[in-house]
Amino acid sequence: RKGAQQGTPLHRMGSLLYWAEGTKACNGVHFGNTDASMMTLFIKFLRTELLVKDEKIKLYIQVHTTDLIETKLIENHWLDTLALPPSALKKTHLKKGNHERKHKTYENGFCVIYVNDTRLVQHIYGAIQEYGGFDNPEWLF
């Protein structure tokens, strides 16, 4: 909660984005979305506010295509957008293309930023509770 008490706008935004879009795992930060701007803001929060080094950040991508060339373009899109090296890419899950599901929102698939760090996710949970003015002991391990 101490980080939240300093209350920079980026810290507040990143914490609240995680509350809305992150998983509530106990052993790491999992944040996923299709929106490149949201993902860019969250990774800026990780780097700037939480001092996460790029080598700790991993990406998992889900795409609605089986075309390997299109899949590679999508992987490169996320790596470029988030300014991460190819070593950050861990797994791309290919789903058979579906014209109904493959609309503009999913054009670049669904990307998940993952950082395996229990203390980091506990920092975020504490910040969410501080910003929200509530206690949720279930989040604290």
# chains A, B, ... in the order shown; residues from 1 in each chain; ligands from 1

$ residues_around --residues "Asp54 of chain A" --least-positions-apart "2" --cutoff "12 Å" --atoms "only C-alpha atoms" --output "list in words"
Ile43, Lys44, Leu46, Arg47, Thr48, Leu50, Leu51, Val52, Lys56, Ile57, Lys58, Leu59, Leu79, Leu82, Ala83, Leu84, Pro85, Pro86, Ser87, Ala88, Leu89, Ile113, Tyr114 and Val115 of chain A

$ write_last_selection --atoms "N, CA, C and O atoms" --output "CSV table (one decimal), in the first residue's frame"
chain,number,residue,atom,x,y,z
A,43,ILE,N,2.4,-1.8,-19.7
A,43,ILE,CA,3.8,-2.2,-19.7
A,43,ILE,C,4.7,-1.0,-19.3
A,43,ILE,O,5.7,-1.2,-18.6
A,44,LYS,N,4.2,0.2,-19.6
A,44,LYS,CA,4.9,1.4,-19.1
A,44,LYS,C,4.8,1.5,-17.5
A,44,LYS,O,5.8,1.8,-16.9
A,46,LEU,N,4.6,-1.2,-15.6
A,46,LEU,CA,5.5,-2.2,-15.1
A,46,LEU,C,6.9,-1.7,-15.1
A,46,LEU,O,7.7,-1.8,-14.1
A,47,ARG,N,7.4,-1.1,-16.2
A,47,ARG,CA,8.7,-0.6,-16.3
A,47,ARG,C,9.0,0.6,-15.4
A,47,ARG,O,10.1,0.7,-14.8
A,48,THR,N,8.2,1.6,-15.4
A,48,THR,CA,8.4,2.9,-14.8
A,48,THR,C,8.1,2.8,-13.3
A,48,THR,O,9.0,3.3,-12.5
A,50,LEU,N,7.1,0.0,-11.3
A,50,LEU,CA,7.5,-1.2,-10.6
A,50,LEU,C,8.9,-1.7,-10.9
A,50,LEU,O,9.3,-2.7,-10.4
A,51,LEU,N,9.5,-1.0,-11.8
A,51,LEU,CA,10.9,-1.2,-12.2
A,51,LEU,C,11.2,-2.6,-12.7
A,51,LEU,O,12.2,-3.2,-12.4
A,52,VAL,N,10.2,-3.2,-13.4
A,52,VAL,CA,10.4,-4.5,-14.0
A,52,VAL,C,11.3,-4.4,-15.2
A,52,VAL,O,11.1,-3.6,-16.1
A,56,LYS,N,12.3,-10.0,-17.6
A,56,LYS,CA,11.3,-10.7,-16.7
A,56,LYS,C,9.9,-10.8,-17.4
A,56,LYS,O,9.0,-11.5,-16.9
A,57,ILE,N,9.7,-10.0,-18.4
A,57,ILE,CA,8.4,-9.9,-19.1
A,57,ILE,C,8.2,-11.0,-20.2
A,57,ILE,O,9.1,-11.1,-21.0
A,58,LYS,N,7.1,-11.7,-20.1
A,58,LYS,CA,6.8,-12.7,-21.1
A,58,LYS,C,5.5,-12.4,-21.8
A,58,LYS,O,4.6,-11.8,-21.2
A,59,LEU,N,5.4,-12.8,-23.0
A,59,LEU,CA,4.1,-12.6,-23.8
A,59,LEU,C,3.5,-14.0,-24.2
A,59,LEU,O,4.3,-14.8,-24.7
A,79,LEU,N,5.4,-7.6,-30.2
A,79,LEU,CA,6.8,-7.3,-29.8
A,79,LEU,C,7.2,-5.9,-30.1
A,79,LEU,O,7.8,-5.2,-29.3
A,82,LEU,N,5.1,-3.3,-27.9
A,82,LEU,CA,5.5,-3.3,-26.5
A,82,LEU,C,7.0,-3.2,-26.3
A,82,LEU,O,7.5,-3.2,-25.1
A,83,ALA,N,7.7,-3.0,-27.4
A,83,ALA,CA,9.2,-2.8,-27.4
A,83,ALA,C,9.9,-3.9,-26.6
A,83,ALA,O,10.7,-3.6,-25.7
A,84,LEU,N,9.6,-5.1,-26.9
A,84,LEU,CA,10.2,-6.3,-26.3
A,84,LEU,C,11.0,-7.1,-27.3
A,84,LEU,O,10.6,-7.2,-28.5
A,85,PRO,N,12.0,-7.8,-26.8
A,85,PRO,CA,12.8,-8.7,-27.7
A,85,PRO,C,12.0,-10.0,-28.0
A,85,PRO,O,11.1,-10.4,-27.3
A,86,PRO,N,12.4,-10.6,-29.1
A,86,PRO,CA,11.7,-11.9,-29.5
A,86,PRO,C,11.8,-12.9,-28.3
A,86,PRO,O,10.9,-13.8,-28.2
A,87,SER,N,12.8,-12.9,-27.5
A,87,SER,CA,12.9,-13.8,-26.4
A,87,SER,C,11.7,-13.7,-25.4
A,87,SER,O,11.5,-14.6,-24.6
A,88,ALA,N,11.0,-12.6,-25.4
A,88,ALA,CA,9.9,-12.4,-24.5
A,88,ALA,C,8.7,-13.3,-24.9
A,88,ALA,O,7.8,-13.6,-24.1
A,89,LEU,N,8.6,-13.6,-26.2
A,89,LEU,CA,7.5,-14.4,-26.7
A,89,LEU,C,7.6,-15.9,-26.3
A,89,LEU,O,8.5,-16.6,-26.6
A,113,ILE,N,0.5,-10.2,-21.1
A,113,ILE,CA,1.8,-9.8,-20.4
A,113,ILE,C,1.8,-10.6,-19.2
A,113,ILE,O,0.9,-10.6,-18.4
A,114,TYR,N,2.9,-11.3,-19.0
A,114,TYR,CA,3.1,-12.2,-17.8
A,114,TYR,C,4.4,-11.9,-17.1
A,114,TYR,O,5.5,-11.8,-17.8
A,115,VAL,N,4.4,-11.6,-15.8
A,115,VAL,CA,5.6,-11.5,-15.0
A,115,VAL,C,5.5,-12.4,-13.8
A,115,VAL,O,4.6,-12.3,-13.0

$ residues_around --residues "Trp19 of chain A" --least-positions-apart "6" --cutoff "9 Å" --atoms "only C-alpha atoms" --output "number ranges by chain"
A: 124-125, 128

$ select_by_dssp --residues "chain A" --states "alpha helix (DSSP H)" --output "compact mmCIF listing (two decimals) with N, CA and C atoms, in the first residue's frame"
# COMPACT_ATOMS: atom_id res chain seq x y z
N LYS A 2 2.13 1.13 0.37
CA LYS A 2 3.00 2.31 0.43
C LYS A 2 3.18 2.95 -0.94
N GLY A 3 3.32 2.12 -1.97
CA GLY A 3 3.45 2.65 -3.32
C GLY A 3 2.24 3.46 -3.73
N ALA A 4 1.08 3.02 -3.31
CA ALA A 4 -0.16 3.73 -3.64
C ALA A 4 -0.24 5.06 -2.90
N GLN A 5 0.34 5.13 -1.70
CA GLN A 5 0.27 6.35 -0.92
C GLN A 5 1.06 7.48 -1.58
N GLN A 6 2.07 7.12 -2.40
CA GLN A 6 2.79 8.14 -3.16
C GLN A 6 1.96 8.61 -4.35
N PRO A 9 0.09 9.39 -10.98
CA PRO A 9 -1.02 9.02 -11.89
C PRO A 9 -0.77 7.69 -12.62
N LEU A 10 0.46 7.44 -13.04
CA LEU A 10 0.75 6.18 -13.74
C LEU A 10 0.58 4.99 -12.81
N HIS A 11 1.00 5.12 -11.56
CA HIS A 11 0.84 4.03 -10.59
C HIS A 11 -0.65 3.74 -10.38
N ARG A 12 -1.43 4.79 -10.24
CA ARG A 12 -2.88 4.65 -10.05
C ARG A 12 -3.51 3.97 -11.26
N MET A 13 -3.19 4.46 -12.46
CA MET A 13 -3.78 3.90 -13.68
C MET A 13 -3.40 2.44 -13.85
N GLY A 14 -2.11 2.12 -13.67
CA GLY A 14 -1.67 0.75 -13.85
C GLY A 14 -2.31 -0.21 -12.87
N SER A 15 -2.40 0.21 -11.62
CA SER A 15 -3.02 -0.63 -10.60
C SER A 15 -4.49 -0.88 -10.90
N LEU A 16 -5.19 0.18 -11.28
CA LEU A 16 -6.63 0.04 -11.55
C LEU A 16 -6.89 -0.69 -12.86
N LEU A 17 -6.00 -0.55 -13.83
CA LEU A 17 -6.12 -1.37 -15.04
C LEU A 17 -6.00 -2.85 -14.68
N TYR A 18 -5.06 -3.15 -13.79
CA TYR A 18 -4.89 -4.54 -13.40
C TYR A 18 -6.13 -5.06 -12.68
N TRP A 19 -6.72 -4.24 -11.85
CA TRP A 19 -7.94 -4.64 -11.14
C TRP A 19 -9.03 -5.00 -12.16
N ALA A 20 -9.12 -4.23 -13.23
CA ALA A 20 -10.15 -4.45 -14.24
C ALA A 20 -9.83 -5.60 -15.19
N GLU A 21 -8.59 -5.69 -15.63
CA GLU A 21 -8.24 -6.61 -16.72
C GLU A 21 -7.26 -7.71 -16.36
N ALA A 36 -4.00 -2.34 -28.04
CA ALA A 36 -2.56 -2.05 -27.99
C ALA A 36 -2.25 -0.85 -27.09
N SER A 37 -3.11 0.15 -27.06
CA SER A 37 -2.87 1.31 -26.21
C SER A 37 -2.92 0.94 -24.74
N MET A 38 -3.88 0.10 -24.38
CA MET A 38 -3.99 -0.34 -23.00
C MET A 38 -2.78 -1.17 -22.60
N MET A 39 -2.36 -2.06 -23.49
CA MET A 39 -1.21 -2.91 -23.21
C MET A 39 0.07 -2.07 -23.08
N THR A 40 0.19 -1.05 -23.92
CA THR A 40 1.36 -0.17 -23.86
C THR A 40 1.39 0.60 -22.55
N LEU A 41 0.25 1.10 -22.12
CA LEU A 41 0.18 1.81 -20.84
C LEU A 41 0.53 0.88 -19.68
N PHE A 42 0.05 -0.35 -19.72
CA PHE A 42 0.33 -1.27 -18.62
C PHE A 42 1.81 -1.63 -18.57
N ILE A 43 2.42 -1.84 -19.72
CA ILE A 43 3.84 -2.19 -19.70
C ILE A 43 4.69 -0.99 -19.26
N LYS A 44 4.23 0.22 -19.58
CA LYS A 44 4.92 1.42 -19.07
C LYS A 44 4.83 1.46 -17.54
N PHE A 45 3.67 1.13 -16.99
CA PHE A 45 3.49 1.02 -15.54
C PHE A 45 4.48 0.02 -14.95
N LEU A 46 4.58 -1.15 -15.56
CA LEU A 46 5.52 -2.16 -15.05
C LEU A 46 6.95 -1.66 -15.06
N ARG A 47 7.36 -1.07 -16.17
CA ARG A 47 8.74 -0.61 -16.31
C ARG A 47 9.05 0.61 -15.42
N THR A 48 8.16 1.58 -15.43
CA THR A 48 8.44 2.86 -14.78
C THR A 48 8.14 2.84 -13.29
N LEU A 68 0.42 -19.35 -40.68
CA LEU A 68 1.66 -19.09 -39.95
C LEU A 68 2.29 -17.74 -40.29
N ILE A 69 2.11 -17.28 -41.51
CA ILE A 69 2.64 -15.96 -41.88
C ILE A 69 1.87 -14.87 -41.13
N GLU A 70 0.56 -14.97 -41.10
CA GLU A 70 -0.25 -14.01 -40.37
C GLU A 70 0.07 -14.06 -38.87
N THR A 71 0.28 -15.26 -38.36
CA THR A 71 0.64 -15.42 -36.95
C THR A 71 1.95 -14.71 -36.64
N LYS A 72 2.93 -14.86 -37.49
CA LYS A 72 4.22 -14.20 -37.29
C LYS A 72 4.07 -12.68 -37.32
N LEU A 73 3.25 -12.17 -38.22
CA LEU A 73 3.00 -10.72 -38.29
C LEU A 73 2.37 -10.22 -36.99
N ILE A 74 1.44 -10.99 -36.45
CA ILE A 74 0.79 -10.61 -35.19
C ILE A 74 1.79 -10.65 -34.04
N GLU A 75 2.61 -11.69 -33.99
CA GLU A 75 3.64 -11.75 -32.95
C GLU A 75 4.57 -10.54 -33.02
N ASN A 76 5.00 -10.20 -34.23
CA ASN A 76 5.88 -9.04 -34.40
C ASN A 76 5.18 -7.74 -34.04
N HIS A 77 3.88 -7.66 -34.33
CA HIS A 77 3.11 -6.48 -33.94
C HIS A 77 3.22 -6.26 -32.44
N TRP A 78 2.98 -7.31 -31.65
CA TRP A 78 3.01 -7.16 -30.19
C TRP A 78 4.42 -6.90 -29.67
N LEU A 79 5.39 -7.58 -30.23
CA LEU A 79 6.77 -7.33 -29.80
C LEU A 79 7.19 -5.89 -30.10
N ASP A 80 6.83 -5.39 -31.27
CA ASP A 80 7.16 -4.01 -31.64
C ASP A 80 6.38 -3.01 -30.80
N THR A 81 5.09 -3.24 -30.65
CA THR A 81 4.23 -2.33 -29.89
C THR A 81 4.70 -2.19 -28.45
N THR A 118 5.66 -13.02 -7.28
CA THR A 118 4.62 -12.94 -6.26
C THR A 118 4.62 -11.59 -5.56
N ARG A 119 5.82 -11.08 -5.23
CA ARG A 119 5.88 -9.79 -4.55
C ARG A 119 5.29 -8.68 -5.41
N LEU A 120 5.50 -8.75 -6.70
CA LEU A 120 4.98 -7.74 -7.61
C LEU A 120 3.44 -7.72 -7.61
N VAL A 121 2.83 -8.88 -7.72
CA VAL A 121 1.37 -8.93 -7.74
C VAL A 121 0.82 -8.53 -6.38
N GLN A 122 1.51 -8.85 -5.31
CA GLN A 122 1.06 -8.42 -3.98
C GLN A 122 1.13 -6.90 -3.83
N HIS A 123 2.15 -6.29 -4.43
CA HIS A 123 2.25 -4.83 -4.45
C HIS A 123 1.01 -4.23 -5.13
N ILE A 124 0.66 -4.79 -6.28
CA ILE A 124 -0.49 -4.28 -7.03
C ILE A 124 -1.78 -4.49 -6.23
N TYR A 125 -1.96 -5.67 -5.62
CA TYR A 125 -3.17 -5.91 -4.82
C TYR A 125 -3.27 -4.92 -3.67
N GLY A 126 -2.15 -4.66 -3.01
CA GLY A 126 -2.16 -3.69 -1.92
C GLY A 126 -2.52 -2.30 -2.42
N ALA A 127 -1.98 -1.93 -3.58
CA ALA A 127 -2.28 -0.61 -4.16
C ALA A 127 -3.76 -0.49 -4.52
N ILE A 128 -4.33 -1.53 -5.10
CA ILE A 128 -5.75 -1.50 -5.46
C ILE A 128 -6.60 -1.26 -4.21
N GLN A 129 -6.27 -1.96 -3.14
CA GLN A 129 -7.03 -1.81 -1.91
C GLN A 129 -6.86 -0.41 -1.31
N GLU A 130 -5.66 0.14 -1.42
CA GLU A 130 -5.42 1.49 -0.91
C GLU A 130 -6.20 2.51 -1.73
N TYR A 131 -6.12 2.40 -3.05
CA TYR A 131 -6.85 3.35 -3.91
C TYR A 131 -8.36 3.20 -3.73
N GLY A 132 -8.81 1.97 -3.57
CA GLY A 132 -10.25 1.72 -3.46
C GLY A 132 -10.80 1.92 -2.06

$ closest_residue --among "A:Lys91, A:Thr66, A:Asn33, A:Asp135" --to "Tyr106 of chain A" --atoms "only C-alpha atoms"
A:Asn33

$ closest_residue --among "A:Thr23, A:Thr92, A:Thr34, A:Thr8" --to "Tyr60 of chain A" --atoms "only C-alpha atoms"
A:Thr92

$ atom_distance --atom1 "atom CA of Asn136 of chain A" --atom2 "atom CA of Val112 of chain A"
24.8 Å

$ atom_distance --atom1 "atom CA of Lys90 of chain A" --atom2 "atom CA of Lys24 of chain A"
20.6 Å

$ atom_distance --atom1 "atom CA of Phe110 of chain A" --atom2 "atom CA of His93 of chain A"
9.6 Å

$ select_by_dssp --residues "chain A" --states "strand (DSSP E)" --output "ChimeraX atom specification"
/A:29-33,57-63,89-94,110-115
